[in-house]
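Working notes, structure below.
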Amino acid sequence: MMSIAATRRDSILESIAAAAKLARRDAADVTLIAISKTRGADEIEALIAAGQRHFGESRVQEAQSKWPQLLARHNGVRLHCVGRLQSNKAAEAVALFDTIHSLDRISLLEALAKASEKSARTPAVYIQVNIGEEEQKGGCAIGDVGALVTAVRQSPLPLAGLMAIPPLGVEPSPFFALLAKIAREHEVGGLSMGMSDDYRAAVMLGATAVRVGTALFED
């Protein structure tokens, strides 16, 4: 008998596959990241048992409190930092995360690169773009993407792609399309975009990673 977690996960993977098919894409090119912030070890392990291998956390301190033990018990799990990251947390983030989705400034890149050289760990990074030009939201300005792409490519850290969170309360598809256009202009392949409410649209517009929390953990 399948667990509730496995049923939810299968349903989302089926939706990803359907959206990819409509866009004439291979669903295997889309990574499902389970956003496990505020979730306990039991909930996380139910998804791991269902086959989930990519998880995302927003806060370094919360991730540190639960993930070292989980990672020790489960081989092959990959951890993603999806929240805003302060430069003074760079060393801790490099030590724990395999991928960081919220690089938005040169000073943070320098801190991550320095921590990487000290620890010999090289997490991949997504450049977060403030795609809706919102003052309160993290991400670099659209006009600064090129300089940051160049800086990452000159650093020891692999460039995973671009990430964005569209403004709330408006149709997200134009913002996904804009991020995809910016990625093409800078010859960047990865696109981390789409969450529980809009991941299907994101997949149709080129997402290679979708960040899904509520739809995986709640009925």
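Every chain in the structure tokens takes a letter, A first, then B, and so on in the order presented; its residues are numbered from 1, and the ligands are numbered from 1 following the presented order.
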Output as a ChimeraX atom specification all residues of region 28-89 of chain A that backbone DSSP marks as alpha helix (DSSP H).
/A:41-49,60-73
Any chance you can output those residues with N, CA and C atoms as a compact mmCIF listing (two decimals), in the first residue's frame?
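Output below, filename result22.txt:
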# COMPACT_ATOMS: atom_id res chain seq x y z
N ALA A 41 11.34 15.51 10.77
CA ALA A 41 12.08 14.39 10.19
C ALA A 41 11.16 13.29 9.70
N ASP A 42 10.08 13.02 10.43
CA ASP A 42 9.16 11.94 10.03
C ASP A 42 8.52 12.23 8.68
N GLU A 43 8.09 13.49 8.47
CA GLU A 43 7.49 13.87 7.20
C GLU A 43 8.51 13.78 6.06
N ILE A 44 9.71 14.20 6.34
CA ILE A 44 10.77 14.17 5.33
C ILE A 44 11.12 12.73 4.98
N GLU A 45 11.25 11.89 5.99
CA GLU A 45 11.64 10.50 5.74
C GLU A 45 10.56 9.73 4.99
N ALA A 46 9.30 10.11 5.16
CA ALA A 46 8.24 9.47 4.39
C ALA A 46 8.42 9.75 2.90
N LEU A 47 8.84 10.97 2.57
CA LEU A 47 9.10 11.30 1.16
C LEU A 47 10.37 10.62 0.65
N ILE A 48 11.39 10.54 1.49
CA ILE A 48 12.60 9.83 1.09
C ILE A 48 12.27 8.37 0.78
N ALA A 49 11.44 7.75 1.62
CA ALA A 49 11.02 6.37 1.40
C ALA A 49 10.25 6.22 0.10
N VAL A 60 19.38 28.54 7.06
CA VAL A 60 20.55 27.73 7.38
C VAL A 60 20.42 27.11 8.78
N GLN A 61 19.99 27.92 9.73
CA GLN A 61 19.92 27.44 11.12
C GLN A 61 18.94 26.27 11.26
N GLU A 62 17.78 26.38 10.62
CA GLU A 62 16.81 25.28 10.69
C GLU A 62 17.35 24.03 10.01
N ALA A 63 18.00 24.22 8.86
CA ALA A 63 18.57 23.06 8.15
C ALA A 63 19.64 22.37 8.99
N GLN A 64 20.44 23.16 9.68
CA GLN A 64 21.49 22.58 10.52
C GLN A 64 20.92 21.75 11.67
N SER A 65 19.72 22.11 12.11
CA SER A 65 19.13 21.43 13.27
C SER A 65 18.60 20.04 12.94
N LYS A 66 18.34 19.77 11.65
CA LYS A 66 17.73 18.48 11.34
C LYS A 66 18.42 17.69 10.23
N TRP A 67 19.12 18.36 9.33
CA TRP A 67 19.61 17.63 8.15
C TRP A 67 20.88 16.81 8.35
N PRO A 68 21.84 17.20 9.18
CA PRO A 68 23.01 16.33 9.34
C PRO A 68 22.64 14.90 9.73
N GLN A 69 21.67 14.77 10.63
CA GLN A 69 21.24 13.43 11.04
C GLN A 69 20.53 12.70 9.90
N LEU A 70 19.68 13.42 9.18
CA LEU A 70 18.97 12.81 8.05
C LEU A 70 19.93 12.37 6.96
N LEU A 71 20.90 13.23 6.65
CA LEU A 71 21.86 12.90 5.59
C LEU A 71 22.73 11.71 5.99
N ALA A 72 23.00 11.58 7.29
CA ALA A 72 23.80 10.44 7.76
C ALA A 72 23.05 9.13 7.57
N ARG A 73 21.72 9.20 7.61
CA ARG A 73 20.91 7.98 7.49
C ARG A 73 20.54 7.65 6.05
Contact residues around Ile131 (chain A) with only C-alpha atoms at 8 Å, ignoring same-chain residues under 4 positions, as a short mmCIF file (atom, residue, chain, number, x, y, z; two decimals) with N, CA and C atoms, in the first residue's frame:
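Produced file out_34.cif, reproduced below:
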data_model
loop_
_atom_site.label_atom_id
_atom_site.label_comp_id
_atom_site.auth_asym_id
_atom_site.auth_seq_id
_atom_site.Cartn_x
_atom_site.Cartn_y
_atom_site.Cartn_z
N GLY A 139 17.03 39.08 -4.85
CA GLY A 139 17.36 38.86 -6.25
C GLY A 139 18.06 40.06 -6.85
N ALA A 141 19.05 42.77 -9.86
CA ALA A 141 18.31 43.46 -10.91
C ALA A 141 18.54 42.75 -12.24
N ILE A 142 17.54 42.81 -13.11
CA ILE A 142 17.66 42.14 -14.41
C ILE A 142 18.90 42.64 -15.15
N ALA A 164 13.97 32.51 -9.98
CA ALA A 164 13.12 33.68 -9.72
C ALA A 164 11.82 33.25 -9.07
N ILE A 165 11.22 34.19 -8.35
CA ILE A 165 9.90 34.02 -7.75
C ILE A 165 9.03 35.16 -8.27
N PRO A 166 8.04 34.86 -9.10
CA PRO A 166 7.20 35.94 -9.64
C PRO A 166 6.42 36.65 -8.54
N PHE A 175 6.39 36.12 -16.32
CA PHE A 175 7.65 36.23 -15.58
C PHE A 175 8.54 35.00 -15.81
N LEU A 178 10.00 35.50 -19.20
CA LEU A 178 11.06 36.50 -19.17
C LEU A 178 12.35 35.90 -18.60
N LEU A 179 12.23 35.11 -17.53
CA LEU A 179 13.44 34.48 -16.97
C LEU A 179 14.09 33.55 -17.99
#
DSSP says strand (DSSP E or B) for which residues of chain A? Put them as a ChimeraX atom specification?
/A:31-35,54-57,78-81,99-103,124-129,140,159-163,191-192,209-212
Skip region 3-19 of chain A itself and residues of its chain fewer than 4 positions away, then list as a PyMOL selection string all residues within 12 Å of it, counting only C-alpha atoms.
chain A and resi 23-34+42-53+194-219
Keeping only C-alpha atoms, write those residues as an mmCIF file, in the first residue's frame.
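Dumped to selection-v8.cif:
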data_model
loop_
_atom_site.group_PDB
_atom_site.id
_atom_site.type_symbol
_atom_site.label_atom_id
_atom_site.label_comp_id
_atom_site.auth_asym_id
_atom_site.auth_seq_id
_atom_site.Cartn_x
_atom_site.Cartn_y
_atom_site.Cartn_z
ATOM 1 C CA ALA A 23 5.746 21.607 -24.139
ATOM 2 C CA ARG A 24 7.457 18.780 -26.053
ATOM 3 C CA ARG A 25 10.032 18.421 -23.320
ATOM 4 C CA ASP A 26 11.444 15.402 -21.514
ATOM 5 C CA ALA A 27 10.052 15.237 -17.963
ATOM 6 C CA ALA A 28 13.382 13.732 -16.883
ATOM 7 C CA ASP A 29 14.907 17.184 -17.431
ATOM 8 C CA VAL A 30 12.841 18.598 -14.551
ATOM 9 C CA THR A 31 14.003 18.092 -10.944
ATOM 10 C CA LEU A 32 11.351 18.102 -8.233
ATOM 11 C CA ILE A 33 12.671 19.800 -5.083
ATOM 12 C CA ALA A 34 10.603 19.125 -1.976
ATOM 13 C CA ASP A 42 9.161 11.945 10.030
ATOM 14 C CA GLU A 43 7.485 13.865 7.196
ATOM 15 C CA ILE A 44 10.771 14.169 5.330
ATOM 16 C CA GLU A 45 11.644 10.504 5.736
ATOM 17 C CA ALA A 46 8.239 9.469 4.388
ATOM 18 C CA LEU A 47 9.099 11.297 1.161
ATOM 19 C CA ILE A 48 12.601 9.828 1.086
ATOM 20 C CA ALA A 49 11.022 6.367 1.401
ATOM 21 C CA ALA A 50 8.802 7.273 -1.570
ATOM 22 C CA GLY A 51 11.884 7.993 -3.667
ATOM 23 C CA GLN A 52 12.334 11.729 -3.230
ATOM 24 C CA ARG A 53 15.997 12.763 -3.272
ATOM 25 C CA GLY A 194 7.684 27.308 -10.163
ATOM 26 C CA MET A 195 6.183 26.392 -6.786
ATOM 27 C CA SER A 196 3.104 24.510 -5.556
ATOM 28 C CA ASP A 197 0.556 26.752 -7.294
ATOM 29 C CA ASP A 198 2.328 27.345 -10.591
ATOM 30 C CA TYR A 199 4.880 24.594 -11.260
ATOM 31 C CA ARG A 200 2.942 23.274 -14.270
ATOM 32 C CA ALA A 201 3.178 26.633 -16.045
ATOM 33 C CA ALA A 202 6.852 26.848 -15.101
ATOM 34 C CA VAL A 203 7.563 23.428 -16.628
ATOM 35 C CA MET A 204 5.808 24.420 -19.848
ATOM 36 C CA LEU A 205 8.031 27.515 -20.027
ATOM 37 C CA GLY A 206 11.321 25.743 -19.445
ATOM 38 C CA ALA A 207 11.817 25.089 -15.718
ATOM 39 C CA THR A 208 14.519 22.543 -14.980
ATOM 40 C CA ALA A 209 13.862 22.632 -11.203
ATOM 41 C CA VAL A 210 10.544 23.233 -9.460
ATOM 42 C CA ARG A 211 10.318 23.971 -5.733
ATOM 43 C CA VAL A 212 7.204 22.344 -4.278
ATOM 44 C CA GLY A 213 6.301 22.359 -0.596
ATOM 45 C CA THR A 214 2.620 22.632 0.309
ATOM 46 C CA ALA A 215 1.397 20.310 -2.469
ATOM 47 C CA LEU A 216 3.792 17.590 -1.268
ATOM 48 C CA PHE A 217 3.230 17.848 2.456
ATOM 49 C CA GLU A 218 -0.426 18.858 2.834
ATOM 50 C CA ASP A 219 -3.758 17.492 1.620
#
For Thr150 (chain A), work out the shell of residues within 12 Å, counting only C-alpha atoms and skipping chain neighbours fewer than 3 positions away, then give it as number ranges by chain.
A: 106, 109, 127, 144-147, 153-155, 157-159, 186-188
A:Arg184, A:His101, A:His54, A:Arg39 ranked by distance to Leu85 (chain A), top pick (using only C-alpha atoms)
A:His101
Who sits within 9 Å of Ile100 (chain A), only C-alpha atoms, same chain under 3 positions skipped, as a PDB file with C-alpha atoms, in the first residue's frame:
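Done, and the output landed in selection14.pdb:
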ATOM      1  CA  LEU A  79      20.031  19.519  -0.159  1.00  0.00           C
ATOM      2  CA  HIS A  80      19.131  22.885  -1.694  1.00  0.00           C
ATOM      3  CA  CYS A  81      19.196  26.337  -0.054  1.00  0.00           C
ATOM      4  CA  VAL A  82      16.214  28.230  -1.454  1.00  0.00           C
ATOM      5  CA  GLY A  83      15.948  31.179   0.959  1.00  0.00           C
ATOM      6  CA  LEU A  85      21.296  33.982   2.339  1.00  0.00           C
ATOM      7  CA  ALA A  93      25.754  27.058   3.773  1.00  0.00           C
ATOM      8  CA  VAL A  94      28.707  25.694   1.793  1.00  0.00           C
ATOM      9  CA  PHE A  97      24.039  22.495   0.911  1.00  0.00           C
ATOM     10  CA  LEU A 103      22.900  34.094  -5.089  1.00  0.00           C
ATOM     11  CA  PRO A 123      27.980  23.815  -4.238  1.00  0.00           C
ATOM     12  CA  ALA A 124      26.340  24.795  -7.503  1.00  0.00           C
ATOM     13  CA  VAL A 125      24.642  28.185  -7.490  1.00  0.00           C
ATOM     14  CA  TYR A 126      21.578  29.668  -9.128  1.00  0.00           C
ATOM     15  CA  ILE A 127      21.550  33.424  -9.621  1.00  0.00           C
ATOM     16  CA  ALA A 160      23.446  25.918 -12.101  1.00  0.00           C
TER      17      ALA A 160
END
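The neighbours of Ala95 (chain A) here are the residues that come within 9 Å of it, using only C-alpha atoms and leaving out any residue fewer than 2 positions away in the same chain; they are A:Ala90, A:Ala91, A:Glu92, A:Ala93, A:Phe97, A:Asp98, A:Ala115, A:Ser116, A:Ser119, A:Arg121, A:Pro123.
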Generate the output file for the selected residues, N, CA and C atoms, as a PDB file, in the first residue's frame.
ATOM      1  N   ALA A  90      27.696  32.127   4.869  1.00  0.00           N
ATOM      2  CA  ALA A  90      28.221  31.461   3.678  1.00  0.00           C
ATOM      3  C   ALA A  90      28.948  30.166   4.011  1.00  0.00           C
ATOM      4  N   ALA A  91      29.816  30.189   5.022  1.00  0.00           N
ATOM      5  CA  ALA A  91      30.585  28.988   5.357  1.00  0.00           C
ATOM      6  C   ALA A  91      29.672  27.851   5.788  1.00  0.00           C
ATOM      7  N   GLU A  92      28.658  28.176   6.587  1.00  0.00           N
ATOM      8  CA  GLU A  92      27.718  27.146   7.032  1.00  0.00           C
ATOM      9  C   GLU A  92      26.902  26.613   5.853  1.00  0.00           C
ATOM     10  N   ALA A  93      26.529  27.491   4.939  1.00  0.00           N
ATOM     11  CA  ALA A  93      25.754  27.058   3.773  1.00  0.00           C
ATOM     12  C   ALA A  93      26.575  26.149   2.870  1.00  0.00           C
ATOM     13  N   PHE A  97      24.871  22.578   2.111  1.00  0.00           N
ATOM     14  CA  PHE A  97      24.039  22.495   0.911  1.00  0.00           C
ATOM     15  C   PHE A  97      24.826  22.051  -0.320  1.00  0.00           C
ATOM     16  N   ASP A  98      24.135  21.325  -1.187  1.00  0.00           N
ATOM     17  CA  ASP A  98      24.720  20.909  -2.466  1.00  0.00           C
ATOM     18  C   ASP A  98      24.477  21.959  -3.547  1.00  0.00           C
ATOM     19  N   ALA A 115      34.590  30.394   1.259  1.00  0.00           N
ATOM     20  CA  ALA A 115      34.236  29.235   2.079  1.00  0.00           C
ATOM     21  C   ALA A 115      34.471  27.936   1.323  1.00  0.00           C
ATOM     22  N   SER A 116      34.197  27.961   0.025  1.00  0.00           N
ATOM     23  CA  SER A 116      34.407  26.772  -0.802  1.00  0.00           C
ATOM     24  C   SER A 116      35.880  26.383  -0.856  1.00  0.00           C
ATOM     25  N   SER A 119      36.895  24.730   2.421  1.00  0.00           N
ATOM     26  CA  SER A 119      36.270  23.446   2.759  1.00  0.00           C
ATOM     27  C   SER A 119      36.391  22.397   1.666  1.00  0.00           C
ATOM     28  N   ARG A 121      34.498  22.106  -0.740  1.00  0.00           N
ATOM     29  CA  ARG A 121      33.150  21.803  -1.232  1.00  0.00           C
ATOM     30  C   ARG A 121      32.741  22.875  -2.232  1.00  0.00           C
ATOM     31  N   PRO A 123      29.403  23.851  -3.892  1.00  0.00           N
ATOM     32  CA  PRO A 123      27.980  23.815  -4.238  1.00  0.00           C
ATOM     33  C   PRO A 123      27.700  24.588  -5.519  1.00  0.00           C
TER      34      PRO A 123
END
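Distances to Ser192 (chain A) were evaluated for A:Gly56, A:Gly138, A:Gly161, A:Gly169 using only C-alpha atoms, and the minimum falls at A:Gly161.
The closest residue to Thr38 (chain A), picked from A:Ser58, A:Gly189, A:Val152, A:Glu134 and counting only C-alpha atoms, is A:Ser58.
Among the candidates A:Asn75, A:Ser173, A:Ser107, A:Thr99, the one nearest to Cys140 (chain A) when counting only C-alpha atoms is A:Ser107.
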